[in-house]
$ cat final_35.cif   # mmCIF, C-alpha atoms
data_run
#
loop_
_atom_site.label_atom_id
_atom_site.label_comp_id
_atom_site.auth_asym_id
_atom_site.auth_seq_id
_atom_site.Cartn_x
_atom_site.Cartn_y
_atom_site.Cartn_z
CA MET S 1 0.00 0.00 0.00
CA ALA S 2 2.83 2.26 0.78
CA ASN S 3 4.31 1.56 -2.62
CA ASN S 4 1.09 2.52 -4.37
CA MET S 5 0.99 5.91 -2.62
CA GLU S 6 4.52 6.73 -3.63
CA GLY S 7 3.76 5.94 -7.29
CA SER S 8 0.73 8.22 -7.35
CA THR S 9 2.29 11.39 -5.83
CA GLY S 10 5.53 11.50 -7.91
CA SER S 11 9.04 12.63 -7.01
CA PRO S 12 9.56 15.78 -4.80
CA THR S 13 12.58 16.81 -6.86
CA SER S 14 10.58 16.79 -10.04
CA SER S 15 7.91 19.06 -8.51
CA ALA S 16 10.49 21.59 -7.28
CA CYS S 17 12.04 21.86 -10.74
CA THR S 18 8.67 22.55 -12.28
CA VAL S 19 7.89 25.32 -9.77
CA GLY S 20 11.32 26.90 -10.28
CA ALA S 21 10.90 26.96 -14.04
CA ASP S 22 7.51 28.60 -13.71
CA SER S 23 8.93 31.24 -11.37
CA GLY S 24 11.70 32.05 -13.85
CA ILE S 25 9.24 32.51 -16.66
CA LEU S 26 7.06 34.74 -14.53
CA GLN S 27 10.08 36.78 -13.46
CA SER S 28 11.13 37.19 -17.10
CA ILE S 29 7.63 38.30 -18.05
CA TYR S 30 7.58 40.71 -15.12
CA ASN S 31 10.94 42.15 -16.09
CA SER S 32 9.78 42.60 -19.68
CA ILE S 33 6.67 44.35 -18.47
CA LYS S 34 8.78 46.66 -16.27
CA GLU S 35 11.10 47.47 -19.17
CA LEU S 36 8.13 48.11 -21.43
CA GLN S 37 6.62 50.40 -18.79
CA THR S 38 9.94 52.24 -18.47
CA GLU S 39 10.27 52.65 -22.21
CA THR S 40 6.64 53.76 -22.42
CA ARG S 41 7.21 56.38 -19.70
CA ILE S 42 10.31 57.66 -21.53
CA GLU S 43 8.47 57.79 -24.82
CA ASN S 44 5.52 59.51 -23.15
CA ARG S 45 7.90 62.07 -21.61
CA HIS S 46 9.51 62.71 -25.00
CA ALA S 47 6.09 62.94 -26.57
CA ARG S 48 5.01 65.50 -23.97
CA VAL S 49 8.17 67.56 -24.57
CA ALA S 50 7.67 67.36 -28.34
CA THR S 51 4.01 68.28 -27.93
CA LYS S 52 4.90 71.31 -25.82
CA ARG S 53 7.48 72.41 -28.39
CA LEU S 54 4.96 71.92 -31.17
CA GLN S 55 2.36 73.86 -29.23
CA GLY S 56 4.87 76.70 -28.72
CA THR S 57 5.73 76.70 -32.42
CA VAL S 58 2.04 76.72 -33.33
CA ARG S 59 1.44 79.68 -30.99
CA LYS S 60 4.36 81.56 -32.57
CA VAL S 61 3.08 80.80 -36.06
CA ALA S 62 -0.43 81.89 -35.05
CA LYS S 63 0.99 85.11 -33.60
CA SER S 64 3.03 85.72 -36.76
CA CYS S 65 -0.05 85.08 -38.90
CA THR S 66 -2.02 87.58 -36.84
CA GLU S 67 0.73 90.18 -37.20
CA ILE S 68 0.98 89.53 -40.95
CA GLU S 69 -2.78 89.82 -41.28
CA THR S 70 -2.68 93.14 -39.40
CA LYS S 71 0.13 94.40 -41.64
CA LEU S 72 -1.69 93.25 -44.76
CA CYS S 73 -4.83 95.09 -43.66
CA SER S 74 -2.75 98.21 -43.03
CA MET S 75 -1.04 97.84 -46.42
CA GLU S 76 -4.37 97.42 -48.17
CA GLU S 77 -5.61 100.60 -46.53
CA ARG S 78 -2.46 102.50 -47.58
CA ILE S 79 -2.68 101.10 -51.12
CA ALA S 80 -6.32 102.15 -51.36
CA ALA S 81 -5.38 105.64 -50.14
CA ALA S 82 -2.46 105.74 -52.60
CA GLU S 83 -4.76 104.74 -55.46
CA VAL S 84 -7.06 107.61 -54.56
CA ASP S 85 -4.07 109.96 -54.54
CA VAL S 86 -2.85 108.59 -57.88
CA ASP S 87 -6.27 109.12 -59.43
CA ALA S 88 -6.33 112.67 -58.11
CA LEU S 89 -2.80 113.30 -59.42
CA ARG S 90 -3.75 111.83 -62.80
CA GLU S 91 -6.69 114.18 -63.05
CA GLN S 92 -4.47 117.05 -61.96
CA CYS S 93 -1.89 116.12 -64.61
CA VAL S 94 -4.58 116.09 -67.29
CA THR S 95 -5.75 119.51 -66.17
CA GLN S 96 -2.22 120.88 -66.01
CA ASP S 97 -1.39 119.36 -69.39
CA GLY S 98 -4.31 121.26 -70.90
CA GLN S 99 -3.20 124.44 -69.13
CA LEU S 100 0.37 123.92 -70.34
CA THR S 101 -0.84 123.46 -73.91
CA ASP S 102 -2.81 126.69 -73.66
CA LEU S 103 0.21 128.50 -72.23
CA MET S 104 2.45 127.16 -75.00
CA TRP S 105 0.03 128.43 -77.63
CA LYS S 106 -0.16 131.80 -75.90
CA LEU S 107 3.63 131.97 -75.62
CA GLU S 108 4.06 131.07 -79.26
CA ASP S 109 1.51 133.69 -80.25
CA TYR S 110 3.28 136.25 -78.07
CA GLU S 111 6.67 135.41 -79.58
CA THR S 112 5.21 135.55 -83.07
CA ARG S 113 3.76 138.99 -82.34
CA GLN S 114 7.09 140.10 -80.88
CA ARG S 115 8.89 138.87 -84.01
CA ARG S 116 6.39 140.05 -86.58
CA ASN S 117 8.57 143.08 -87.41
CA ASN S 118 11.70 140.92 -87.80
CA LEU S 119 13.22 139.72 -91.07
CA ARG S 120 16.02 137.28 -91.64
CA PHE S 121 18.45 138.28 -94.37
CA LEU S 122 20.42 135.44 -95.93
CA GLY S 123 23.20 135.30 -98.48
CA ILE S 124 25.39 138.00 -96.89
CA ASN S 125 28.91 136.68 -96.41
CA GLU S 126 30.36 137.07 -92.95
CA GLY S 127 32.93 139.80 -92.52
CA LEU S 128 31.45 142.15 -95.13
CA GLU S 129 29.68 144.13 -92.41
CA GLY S 130 32.91 145.17 -90.74
CA SER S 131 32.63 146.61 -87.25
CA ASP S 132 29.22 148.31 -87.73
CA ILE S 133 26.71 145.74 -88.96
CA ARG S 134 23.74 148.12 -88.69
CA ALA S 135 25.34 150.76 -90.92
CA TYR S 136 26.32 148.07 -93.42
CA VAL S 137 22.76 146.65 -93.57
CA ILE S 138 21.23 150.13 -94.04
CA LYS S 139 23.63 150.78 -96.92
CA LEU S 140 22.81 147.36 -98.40
CA LEU S 141 19.07 147.95 -98.13
CA ARG S 142 19.29 151.34 -99.82
CA GLY S 143 21.17 149.78 -102.71
CA ALA S 144 18.94 146.69 -102.95
CA PHE S 145 15.66 148.64 -102.73
CA PRO S 146 16.26 152.00 -104.44
CA GLU S 147 12.54 152.37 -105.06
CA LEU S 148 11.80 152.67 -101.34
CA THR S 149 12.74 156.33 -101.08
CA ASN S 150 9.92 157.36 -98.76
CA TRP S 151 11.37 155.51 -95.78
CA ASP S 152 13.86 156.82 -93.26
CA TRP S 153 16.18 153.81 -93.01
CA GLU S 154 18.06 155.23 -90.05
CA THR S 155 14.82 155.36 -88.10
CA GLU S 156 13.12 152.18 -89.30
CA VAL S 157 16.12 149.82 -89.00
CA GLN S 158 16.14 149.70 -85.22
CA SER S 159 18.35 146.69 -84.44
CA VAL S 160 20.59 144.35 -86.44
CA HIS S 161 22.63 141.28 -85.47
CA ARG S 162 23.81 137.98 -86.86
CA PHE S 163 22.57 134.76 -85.39
CA PRO S 164 25.00 133.32 -82.87
CA ALA S 165 27.30 130.53 -83.91
CA VAL S 166 26.03 127.01 -83.33
CA ARG S 167 27.69 125.31 -80.39
CA ARG S 168 28.88 121.75 -80.64
CA GLU S 169 29.73 119.33 -77.83
CA GLY S 170 32.49 120.72 -75.68
CA GLY S 171 31.33 124.32 -76.14
CA HIS S 172 33.29 124.95 -79.36
CA SER S 173 31.75 127.01 -82.14
CA ALA S 174 31.03 125.05 -85.29
CA GLU S 175 32.33 126.32 -88.59
CA PRO S 176 29.22 127.36 -90.57
CA LYS S 177 28.70 125.84 -93.99
CA TYR S 178 26.69 128.90 -95.04
CA PRO S 179 26.83 132.52 -93.81
CA ARG S 180 24.79 133.01 -90.69
CA ALA S 181 21.56 134.90 -91.20
CA ILE S 182 21.29 138.54 -90.20
CA LEU S 183 18.23 139.46 -88.14
CA VAL S 184 16.81 142.94 -88.65
CA PHE S 185 14.06 144.52 -86.56
CA PHE S 186 12.04 147.18 -88.40
CA GLY S 187 10.10 149.86 -86.60
CA ASN S 188 7.34 149.74 -89.20
CA TYR S 189 5.61 146.49 -90.10
CA LEU S 190 4.57 147.80 -93.52
CA LEU S 191 8.20 148.40 -94.50
CA ARG S 192 9.14 144.98 -93.24
CA GLN S 193 6.36 143.35 -95.28
CA THR S 194 7.26 145.37 -98.41
CA ILE S 195 10.90 144.23 -98.23
CA PHE S 196 9.83 140.63 -97.60
CA ASP S 197 7.57 140.67 -100.68
CA LYS S 198 10.33 142.13 -102.86
CA ALA S 199 13.13 139.78 -101.76
CA ARG S 200 11.69 136.32 -101.37
CA PRO S 201 13.97 133.27 -101.73
CA ASN S 202 12.76 132.68 -105.31
CA ALA S 203 13.38 136.33 -106.27
CA PRO S 204 16.46 137.64 -104.40
CA ARG S 205 17.81 141.19 -104.78
CA SER S 206 21.40 141.65 -105.91
CA VAL S 207 23.60 144.56 -104.81
CA GLU S 208 27.39 144.92 -104.83
CA GLY S 209 27.70 141.29 -105.86
CA VAL S 210 25.59 140.11 -102.93
CA SER S 211 22.37 138.19 -103.58
CA VAL S 212 20.01 139.02 -100.73
CA PHE S 213 16.77 137.26 -99.87
CA THR S 214 14.59 137.26 -96.77
CA LEU S 215 12.69 134.89 -94.54
CA PRO S 216 10.17 135.67 -91.79
CA ASP S 217 11.27 135.26 -88.20
CA SER S 218 8.62 133.17 -86.47
CA ALA S 219 8.59 131.32 -83.16
CA LYS S 220 8.61 127.92 -84.87
CA MET S 221 11.76 128.68 -86.91
CA ALA S 222 14.92 127.43 -85.30
CA VAL S 223 18.33 129.01 -85.58
CA PRO S 224 20.01 127.63 -88.73
CA THR S 225 22.14 124.60 -87.94
CA VAL S 226 25.38 123.36 -89.41
CA ASP S 227 25.23 120.41 -91.79
#
$ encode --input "final_35.cif" --output "structure tokens"
Amino acid sequence: MANNMEGSTGSPTSSACTVGADSGILQSIYNSIKELQTETRIENRHARVATKRLQGTVRKVAKSCTEIETKLCSMEERIAAAEVDVDALREQCVTQDGQLTDLMWKLEDYETRQRRNNLRFLGINEGLEGSDIRAYVIKLLRGAFPELTNWDWETEVQSVHRFPAVRREGGHSAEPKYPRAILVFFGNYLLRQTIFDKARPNAPRSVEGVSVFTLPDSAKMAVPTVD
């Protein structure tokens, strides 16, 4: 009977080994769980730090966006005000352009009226006039228009001068290809017009070997240039 009981319960050594193995497995599982918890806590801590950083960055970005939006609104207001100013300036420019055109026409008319008694005499070689160009021109006119005996040349020929020499780059006078015109101001417009009609470019007057013809002196006529 004693032998039967021993066969049914098994060996004590065998039971101890089984319990020890189970304890080792449980300890290993426990250790793994502890390590996993530690790693999870570390990862959670890193995640919290990263989340805080991200939240800070988001707040900064939101603040920057708000500032940019404020600046954009301010810029839009300034642009709108500038557009109004530009429109006003454009209208002012149109008005002033019209006024300038009117002034230019008035100035041209004034200059034309001031020059209406002037005549340009061409074809007179330079140097022939000597030191007294007015006396030379009066003598030339008397010889070229002997039929105009009713006029007092000394009184009517009020001013005489040659056109200034054309200036080139550097301020040097250019050598003229043709004699510079002589500008004469007559005190009487009728005399001026009579001489102009008698000495047009297609019908010059010749005196002392000089072929003289005239041109009007208007505001639109430029000083003769050098070719």
$ atom_distance --input "final_35.cif" --atom1 "CA of Asp132 (chain S)" --atom2 "CA of Leu148 (chain S)"
22.5 Å
$ resolve_selection --input "final_35.cif" --expression "the PyMOL selection byres ((chain S and resi 186) around 10)" --output "PyMOL selection string"
chain S and resi 115-119+153+155-160+183-185+187-193
$ write_last_selection --input "final_35.cif" --atoms "C-alpha atoms" --output "compact mmCIF listing (two decimals), in the coordinates of the input"
# COMPACT_ATOMS: atom_id res chain seq x y z
CA ARG S 115 8.89 138.87 -84.01
CA ARG S 116 6.39 140.05 -86.58
CA ASN S 117 8.57 143.08 -87.41
CA ASN S 118 11.70 140.92 -87.80
CA LEU S 119 13.22 139.72 -91.07
CA TRP S 153 16.18 153.81 -93.01
CA THR S 155 14.82 155.36 -88.10
CA GLU S 156 13.12 152.18 -89.30
CA VAL S 157 16.12 149.82 -89.00
CA GLN S 158 16.14 149.70 -85.22
CA SER S 159 18.35 146.69 -84.44
CA VAL S 160 20.59 144.35 -86.44
CA LEU S 183 18.23 139.46 -88.14
CA VAL S 184 16.81 142.94 -88.65
CA PHE S 185 14.06 144.52 -86.56
CA GLY S 187 10.10 149.86 -86.60
CA ASN S 188 7.34 149.74 -89.20
CA TYR S 189 5.61 146.49 -90.10
CA LEU S 190 4.57 147.80 -93.52
CA LEU S 191 8.20 148.40 -94.50
CA ARG S 192 9.14 144.98 -93.24
CA GLN S 193 6.36 143.35 -95.28
$ atom_distance --input "final_35.cif" --atom1 "CA of Arg90 (chain S)" --atom2 "CA of Leu107 (chain S)"
25.0 Å
$ resolve_selection --input "final_35.cif" --expression "the PyMOL selection byres ((chain S and resi 145) around 12)" --output "PyMOL selection string"
chain S and resi 137-144+146-151+153+191+194-199+204-207+212-213
